[in-house]
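Let me begin by presenting the structure, written as structure tokens, before commenting on it.
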Amino acid sequence: MKIKILLVDDHLLVMHGIQQLLENEVDLEVVNTVCDPALLKTEIKKHNPDVIVMDIRMKNDNGIEWTRKIAKTYPTCKVVILSGYDYDEYIRAAYEAGAYAFVTKENSAFELANAIRQTYLGIKSFPIDSLCNCNSPLTTTELRILQFISEDKTNTEISDLLHISRRTVEHHVSSILRKLDVDSRVGAVVKAIKLGLIE
Amino acid sequence: MNKKVLSFSIILISIFVICYILLKMYNEHVSPQRYFPIFIGMIFLLTGIYSYVQKPNSIVVQYFLALMFISGMAIALSGPSSENIKPARELEVISISFAPYILLKFFDHFPSSAKPNFFRRACILTLFIAVFITISYLLIGIHHRLIISTIVRPGIVVNIILALLGCVVLFYLHLRSNSDKIKNQIYLLISSIIISFAPVVILNLIPNAFFSLSIAPFYYSLGSIVMFPLTLSYLLTRQEIVDFREILEKMMIRLFIIGSCLAIFNILLSLFYDIHFKFCILVNTLLICLFIVYDLINKGLEPLQMRKWHVKHEEIQKEKLTIIQHLLNGKHLEHCAKLIADLIHKTMDVSGVCIVWKNDRIPTVLHKTGIFLHLHDSELLSYNCQRHHFYKITINEKSVFFYPMNIDDTIIGWMMIGGKTNATVFDKEEQKLIKKIQIDAIELLASSKTLQQIENQLKKTAEESWMSEQSHWLLLHEHEEEKRKLSTFLHDEVLQHLILLLNKLEWLIQKKNIDKKLFEDIKGLLQRDIFEIREVCHELYPIMVEDLGLKQGLSSLKRKCETNYNVIVEVNYITNLKIISPFLSIQAFRIIKELVYNAIKHSSSRKIVVTVEETQQFLSIQVKDYGVGFKVPDHLLELSQTNHLGLVTIQKRVHQLKGTLTIQSELGAGTCISVSLPITVEEGGVNENQNIVSR
């Protein structure tokens with residue numbers, strides 16, 4: 001028996017893209033796509049889907065809130081949140097609302113399918129959990145930036161030194177913090193010294 | 001032009017005729033009093049000519065000239081004609097028979113032109129009668145006295161009565177319905193007629209009819225008749241005329257006083273003496289003359305009598321001018337008070353002056369001189385009591401006069417004046433002077449106060465407007481700068497990366513096998529782009545605050561700051577489960593973000609504490625750092641001059657949200673900025689989802 005999936009997104013193109021990706025999987029079946037969450041109730045009654053894949057942000061609606069409602073009224077329908085943002089706050093909000101998984105849109109279709117399967121089985125999967133055990137090595141650029149951070153340089157100074165944009169520096173810094181599993185620059189420096197990454 | 005020549009030639013001829021008759025009269029040895037009407041007639045004629053010269057183009061004046069000419073001739077020739085001098089009689093008959101017609105014609109245009117129909121008919125009728133009389137007289141009447149007595153004389157009388165009746169009716173109609181100006185003119189005219197004919201009636205006609213005696217010769221009492229043409233001439237030639245009724249009222253009062261004085265005098269006289277009627281009149285006339293002489297002398301000596309007063313008055317005016325000058329120069333209350341005190345000292349020999357003024361309801365001593373110098377301000381103020389009128393007290397055995405200055409029954413200050421140095425009382429004139437100074441002082445101090453307020457307000461407003469203009473200009477630049485940044489980002493980052501990606505993808509196709517490293521490369525680039533675009537979006541509009549609420553937004557802000565700067569941001573969110581609208585949340589978030597970034601940029605503090613508390617009616621925000629601090633300017637807009645737009649923008653935002661902003665900062669001790677925003681429940685209900693999310 002295939003897993004019945006209902007897609008909810010107000011971005012039609014993206015939704016069809018996801019539909020195609022999911023239909024490649026043999027064990028998944030997209031029963032319908034919904035643009036307007038207002039039609040969600042009738043669709044749920046009609047198809048009784050196993051998993052609802054929901055965009056976190058639609059023009060006039062809030063996916064998190066709909067997740068909360070669905071979790072309350074139709075506990076058999078499990079919700080997977082699909083998001084354009086990967087901020088921790090969103091992930092936490094989704095978790096608190098009763099979603100089973102949180103997948104960012106740039107994640108691969110494989111990851112989404114995997115999340116759907118796990119959800120179907122009743123296993124919750126959130127990036128935070130996966131991030132925690134993701135201890136991938138730092139790239140050379142990240143190591144250089146970490147070195148600069150330990151020298152108490154600001155992002156602007158680093159961007160000047162490396163001839164990259166300030167925002168790119170920010171991206172690298174956030175990546176470093178994520179990889180080292182720390183909250184602040186100070187924490188990153190301390191941990192990097194501990195790990196022997198910098199002197 | 002022709003008309004002018006004609007009228008002047010007629011007048012010249014008539015003057016020539018009069019002169020001829022005069023010579024003839026002289027030859028016939030006529031009694032001298034018969035000459036008198038000739039002079040009166042000449043005055044009529046000259047009045048007419050004068051008016052005509054003054055206003056030759058006015059049709060009313062032209063008719064006036066004709067009237068004066070005809071009546072002047074009639075009067076001038078009345079004397080000679082009764083002496084039977086040759087052309088005089090004929091000319092008199094002609095002129096006197098046409099006089100009514102001309103009179104009506106004149107009143108046809110005076111005082112206004114609109115006339116009822118009956119008046120025109122009366123006018124034509126008088127003309128007809130005049131022509132009839134003239135023809136019948138010239139053709140037959142000269143040689144037949146019977147014709148004269150049966151036709152000519154009654155005809156003339158009827159004609160005159162007709163004309164006079166017409167005039168009376170006309171006056172009555174005018175008085176009943178017309179403007180005040182015309183009414184005034186008619187009153188003036190009527191009174192001039194009364195004055196003109198009163199002497200004749202009182203001195204000749206009435207005594208003649210009732211007592212059969214003549215008080216004054218008829219010809220002399222006729223003199224006053226010239227009042228009538230003079231008044232008319234005045235009315236016609238002068239543009240503006242005096243308010244006759246007011247003058248009359250004053251005159252009446254005077255006449256009444258004189259009349260009652262005379263009556264009392266006469267009664268007293270008759271009680272003690274047996275008086276002859278003639279003697280009585282003589283005494284009364286003398287008394288009237290005495291009154292007139294007294295009045296004239298009094299008027300003549302008035303400047304001499306009031307000289308001292310005038311000098312002082314002029315001095316006051318001069319001082320007033322100086323004070324106003326000072327006012328305009330921006331020196332205010334104290335200076336005014338000093339000048340007023342000086343003025344009082346100059347005008348009177350007083351022992352001291354003290355001026356107290358209520359500034360914002362608190363009395364203050366503005367200026368003191370003389371005896372008041374020894375007294376302390378508080379002691380002086382203790383004497384003031386809430387009396388609205390002049391009063392006198394004794395301080396240190398010296399009498400002091402209090403003159404309260406009131407505006408609309410509220411006391412706004414006091415003038416305290418010490419007694420005169422020679423210890424005499426203030427006489428009436430001096431009291432009047434003080435009163436006058438007091439009134440001027442009230443006006444002056446009040447207006448100087450207003451002026452001061454206005455000036456301050458103006459200065460403040462000008463400064464504010466300049467600053468806000470400055471900040472608007474800077475904000476405009478800021479706006480432009482933001483746009484430029486966004487455009488640069490899209491072009492230099494996103495676009496370049498997309499082009500790079502496209503190139504890499506093409507390379508991928510060329511190589512035809514999927515290179516793992518190349519793929520990772522592309523993936524990394526794409527992830528970086530996604531990250532950057534996301535950050536820019538978040539900076540442009542903090543959508544997370546709208547989606548998840550202020551608390552979550554702040555925690556993301558904290559993370560971002562701690563990631564990118566060497567600071568620890570402590571966020572204390574004290575929730576009270578209040579419903580905060582997404583709009584207010586976004587605004588609060590922007591304010592906090594700006595304050596935190598300000599602290600990071602300027603304070604060099606390693607720790608920033610953000611406290612947000614939801615209270616019953618307010619969302620109170622506090623951002624505190626432990627950095628260098630700064631000097632808080634009097635006016636925040638001053639910061640915009642040094643390109644520090646952050647705080648100015650925050651202030652504008654807070655102001656628009658009707659909140660309050662407090663800045664506490666000390667150099668070296670850090671800064672604490674508190675913002676309090678009112679929580680207003682939006683009408684019509686906010687989106688249900690967002691309500692719950694924001695909890």
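Ligands are numbered from 1 in the order shown, chains are lettered A, B, ... in the order of the structure tokens, and residues start at 1 in each chain.
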
Tell me, as a compact mmCIF listing (two decimals) with C-alpha atoms, in the first residue's frame, which residues lie within 7 Å of A:Asp50, counting only C-alpha atoms; anything in the same chain fewer than 4 positions away does not count.
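For reference, out.txt as written:
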# COMPACT_ATOMS: atom_id res chain seq x y z
CA ILE A 3 1.55 6.29 1.37
CA LYS A 4 -1.18 8.78 0.52
CA ILE A 5 0.19 12.30 0.38
CA THR A 76 -4.29 10.43 11.82
CA CYS A 77 -3.02 12.93 9.26
CA LYS A 78 0.65 13.60 10.00
CA TYR A 120 4.32 7.68 8.11

Task: Contacts of stretch 166-174 of chain B within 8 Å, only C-alpha atoms, excl. fewer than 2 positions in-chain, as number ranges by chain - done: B: 104, 107, 119, 122, 162-164, 176-178, 182-183, 186

Got a sec to pull out which chain A residues are within 8 Å of chain B, counting only C-alpha atoms, and send them as a short mmCIF file (atom, residue, chain, number, x, y, z; two decimals) with N, CA and C atoms, in the first residue's frame?
data_model
loop_
_atom_site.label_atom_id
_atom_site.label_comp_id
_atom_site.auth_asym_id
_atom_site.auth_seq_id
_atom_site.Cartn_x
_atom_site.Cartn_y
_atom_site.Cartn_z
N ASP A 61 -1.93 32.72 4.62
CA ASP A 61 -2.10 31.73 5.69
C ASP A 61 -0.76 31.36 6.30
N ASN A 62 -0.89 30.84 7.49
CA ASN A 62 0.29 30.45 8.23
C ASN A 62 0.29 28.93 8.37
N GLU A 65 0.15 27.36 11.87
CA GLU A 65 -1.16 27.39 12.51
C GLU A 65 -2.07 26.28 11.96
N TYR A 85 12.62 28.73 4.85
CA TYR A 85 13.53 29.26 5.89
C TYR A 85 14.04 28.11 6.74
N TYR A 87 15.54 28.80 9.79
CA TYR A 87 15.84 29.33 11.13
C TYR A 87 15.36 28.36 12.20
N ASP A 88 16.15 28.28 13.24
CA ASP A 88 15.81 27.40 14.36
C ASP A 88 14.43 27.68 14.93
N GLU A 89 14.09 28.98 14.90
CA GLU A 89 12.81 29.38 15.49
C GLU A 89 11.65 28.73 14.75
N TYR A 90 11.80 28.65 13.42
CA TYR A 90 10.73 28.04 12.63
C TYR A 90 10.66 26.55 12.94
N ALA A 93 9.03 26.05 16.23
CA ALA A 93 7.60 26.35 16.15
C ALA A 93 6.86 25.19 15.48
N GLU A 106 15.39 23.57 -0.09
CA GLU A 106 16.59 23.28 -0.88
C GLU A 106 17.14 21.87 -0.60
N ASP A 152 40.07 38.31 16.87
CA ASP A 152 39.12 39.40 17.22
C ASP A 152 38.84 40.35 16.06
N THR A 154 36.49 41.73 13.00
CA THR A 154 35.04 41.80 12.72
C THR A 154 34.76 41.24 11.33
N ASN A 155 33.49 41.00 11.08
CA ASN A 155 33.09 40.45 9.77
C ASN A 155 33.53 41.36 8.63
N ARG A 167 28.31 39.40 3.55
CA ARG A 167 27.27 38.40 3.75
C ARG A 167 27.83 36.97 3.58
N THR A 168 28.77 36.87 2.69
CA THR A 168 29.41 35.55 2.52
C THR A 168 30.16 35.16 3.79
N GLU A 170 29.30 36.10 6.72
CA GLU A 170 28.25 35.70 7.66
C GLU A 170 27.84 34.24 7.43
N HIS A 171 27.71 33.93 6.15
CA HIS A 171 27.32 32.55 5.80
C HIS A 171 28.34 31.56 6.34
N VAL A 173 30.50 32.05 8.77
CA VAL A 173 30.52 32.03 10.23
C VAL A 173 29.40 31.16 10.77
N SER A 174 28.21 31.33 10.18
CA SER A 174 27.07 30.54 10.69
C SER A 174 27.31 29.05 10.42
N LEU A 177 29.71 27.85 13.11
CA LEU A 177 29.03 27.66 14.39
C LEU A 177 28.20 26.37 14.36
N ASP A 183 27.11 28.30 20.09
CA ASP A 183 26.14 29.38 19.94
C ASP A 183 26.77 30.69 19.52
N SER A 184 28.02 30.90 19.90
CA SER A 184 28.61 32.22 19.62
C SER A 184 30.03 32.09 19.09
N ARG A 185 30.53 33.21 18.64
CA ARG A 185 31.89 33.24 18.10
C ARG A 185 32.90 32.84 19.16
N VAL A 186 32.65 33.38 20.36
CA VAL A 186 33.57 33.08 21.46
C VAL A 186 33.61 31.56 21.68
#

Task: Length of the atom CA of B:Ser399 to atom CA of B:Val425 vector [Å] - done: 10.4 Å

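The residue set within 9 Å of A:Leu138, counting only C-alpha atoms and dropping same-chain residues fewer than 4 places from it, reads Glu142, Leu143, Ser175, Ile176, Lys179 and Leu180 of chain A.
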
Write a file of the selected residues as a PDB file, in the first residue's frame, keeping C-alpha atoms.
ATOM      1  CA  GLU A 142      36.034  28.394   7.129  1.00  0.00           C
ATOM      2  CA  LEU A 143      39.304  27.607   8.883  1.00  0.00           C
ATOM      3  CA  SER A 175      28.289  27.414   8.969  1.00  0.00           C
ATOM      4  CA  ILE A 176      31.285  27.241  11.351  1.00  0.00           C
ATOM      5  CA  LYS A 179      29.531  22.548  12.373  1.00  0.00           C
ATOM      6  CA  LEU A 180      31.162  23.144  15.735  1.00  0.00           C
TER       7      LEU A 180
END

Task: Å distance separating atom CA of B:Ile442 from atom CA of B:Ile454, one decimal place - done: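 Pair atom CA of B:Ile442 / atom CA of B:Ile454 returns 18.0 Å.
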
- [ ] Return as a VMD selection string the full set of residues in chain A whose backbone-based DSSP assignment is helix (DSSP H, G or I).
- [x] chain A and resid 12 to 23 37 to 47 63 to 73 88 to 97 109 to 120 127 to 132 140 to 150 155 to 162 166 to 180 185 to 195
